[in-house]
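Structure first, commentary second.
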Amino acid sequence: MKKIFIILASAVMLMMCGCEEKPDNNIDTDDIDTMTLEGRFMKVENGHYIIIANEDQPTVMRADDKSLFDGLTTGDLIKIECTYIEMTYPGRTAIFDLELLEDGTISDISDETIKSLEDLGWVAVSE
């Protein structure tokens with residue numbers, strides 16, 4: 001019961017923060033609280049893109065400019081600038097910028113993480 005209360009309280013606080021739900025990539029990010037996040041990139045069969053930080057924090061990335069994901073393959077190490085992360089599994093965030101740090105492969109993502117995402121229908125595309 002205590003966990004449910006904490007999750008609900010966190011969700012309410014995130015909704016009240018006043019952050020843009022779906023930001024325009026052309027806006028000045030100085031007006032919005034942003035953060036940077038590093039992790040492994042994962043392209044998913046349903047057309048979505050995920051960043052996996054610390055092997056246990058998958059987050060679906062939304063961007064108005066889908067060309068940010070061009071040239072990336074599952075397993076690449078990336079750094080993103082994003083808004084807050086929604087309290088879901090996997091998490092969700094809107095991104096403003098993406099930088100490729102190093103090439104990678106699907107083997108750079110743990111089997112456990114891939115399996116937990118596949119169990120929820122998030123199947124990785126490996127090139």
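Just remember, in the structure tokens the first chain shown is A, the second B, etc., residues are 1-based per chain, and ligands are 1-based in the order shown.
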
- Could you pull out the strand (DSSP E) residues of range 20-127 of chain A from DSSP and send them as a PyMOL selection string? chain A and resi 35-43+49-53+57-62+77-82+91-102

Keeping C-alpha atoms for every residue in the selection just given, could you write it to a file as a compact mmCIF listing (two decimals), in the first residue's frame?
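The new file result-v3.txt reads:
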# COMPACT_ATOMS: atom_id res chain seq x y z
CA MET A 35 18.20 16.85 -18.06
CA THR A 36 20.73 14.73 -19.89
CA LEU A 37 20.69 10.97 -19.88
CA GLU A 38 23.19 8.42 -21.26
CA GLY A 39 22.30 4.89 -22.22
CA ARG A 40 21.92 2.28 -24.91
CA PHE A 41 19.61 2.91 -27.85
CA MET A 42 16.95 0.36 -28.78
CA LYS A 43 14.74 0.50 -31.84
CA TYR A 49 12.69 4.20 -29.72
CA ILE A 50 13.99 3.43 -26.22
CA ILE A 51 17.03 4.53 -24.24
CA ILE A 52 18.21 2.10 -21.57
CA ALA A 53 20.15 3.84 -18.81
CA GLN A 57 15.80 2.09 -16.70
CA PRO A 58 14.24 1.74 -20.15
CA THR A 59 12.60 4.96 -21.32
CA VAL A 60 10.59 5.50 -24.51
CA MET A 61 11.81 8.61 -26.33
CA ARG A 62 9.37 10.90 -28.15
CA LEU A 77 25.53 4.39 -26.73
CA ILE A 78 23.72 7.74 -26.86
CA LYS A 79 23.25 10.88 -24.80
CA ILE A 80 19.96 12.77 -24.88
CA GLU A 81 18.59 16.04 -23.57
CA CYS A 82 15.06 15.45 -22.37
CA GLY A 91 9.29 5.31 -18.70
CA ARG A 92 8.55 7.98 -21.30
CA THR A 93 10.19 11.29 -22.10
CA ALA A 94 10.25 13.97 -24.78
CA ILE A 95 13.71 14.63 -26.20
CA PHE A 96 15.22 17.79 -27.66
CA ASP A 97 18.68 16.58 -28.68
CA LEU A 98 20.46 13.28 -29.24
CA GLU A 99 24.17 12.56 -29.60
CA LEU A 100 25.79 9.27 -30.66
CA LEU A 101 28.65 8.51 -28.25
CA GLU A 102 29.75 5.13 -29.65

- Task: Using DSSP on the backbone coordinates, identify the residues of range 92-127 of chain A assigned to alpha helix (DSSP H); present them as a PyMOL selection string.
- Result: chain A and resi 111-119

- Message: So that I can see what lies close to range 112-114 of chain A, please list as an NGL selection string the residues with an atom at most 8 Å from it, counting only C-alpha atoms and leaving out residues fewer than 4 positions away in the same chain.
- Response: :A and (55-56 or 118 or 123-124)

Could you write out that same residue set with C-alpha atoms as an mmCIF file, in the first residue's frame?
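For reference, result-v8.cif as written:
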data_model
loop_
_atom_site.group_PDB
_atom_site.id
_atom_site.type_symbol
_atom_site.label_atom_id
_atom_site.label_comp_id
_atom_site.auth_asym_id
_atom_site.auth_seq_id
_atom_site.Cartn_x
_atom_site.Cartn_y
_atom_site.Cartn_z
ATOM 1 C CA GLU A 55 20.585 -1.441 -17.643
ATOM 2 C CA ASP A 56 17.360 -1.198 -15.655
ATOM 3 C CA GLU A 118 9.684 -8.329 -24.786
ATOM 4 C CA VAL A 123 10.494 -6.288 -29.192
ATOM 5 C CA ALA A 124 13.938 -4.973 -30.197
#

- Distance query Trp122 in chain A at most 9 Å, only C-alpha atoms, self and fewer than 6 positions along chain excluded, as a list in words: Val44, Glu45, Asn46, His48, Ile114 and Ser116 of chain A

- Interatomic distance between CA of Ile109 in chain A and CA of Val125 in chain A? 12.3 Å

- Query: Of the candidates A:Asp33, A:Ser126, A:Ser107, A:Tyr89, which shows the shortest atom-to-atom distance to Leu72 in chain A, using only C-alpha atoms?
  - Reply: A:Ser126

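Distance-wise, CA of Leu120 in chain A and CA of Pro90 in chain A end up 9.2 Å apart.
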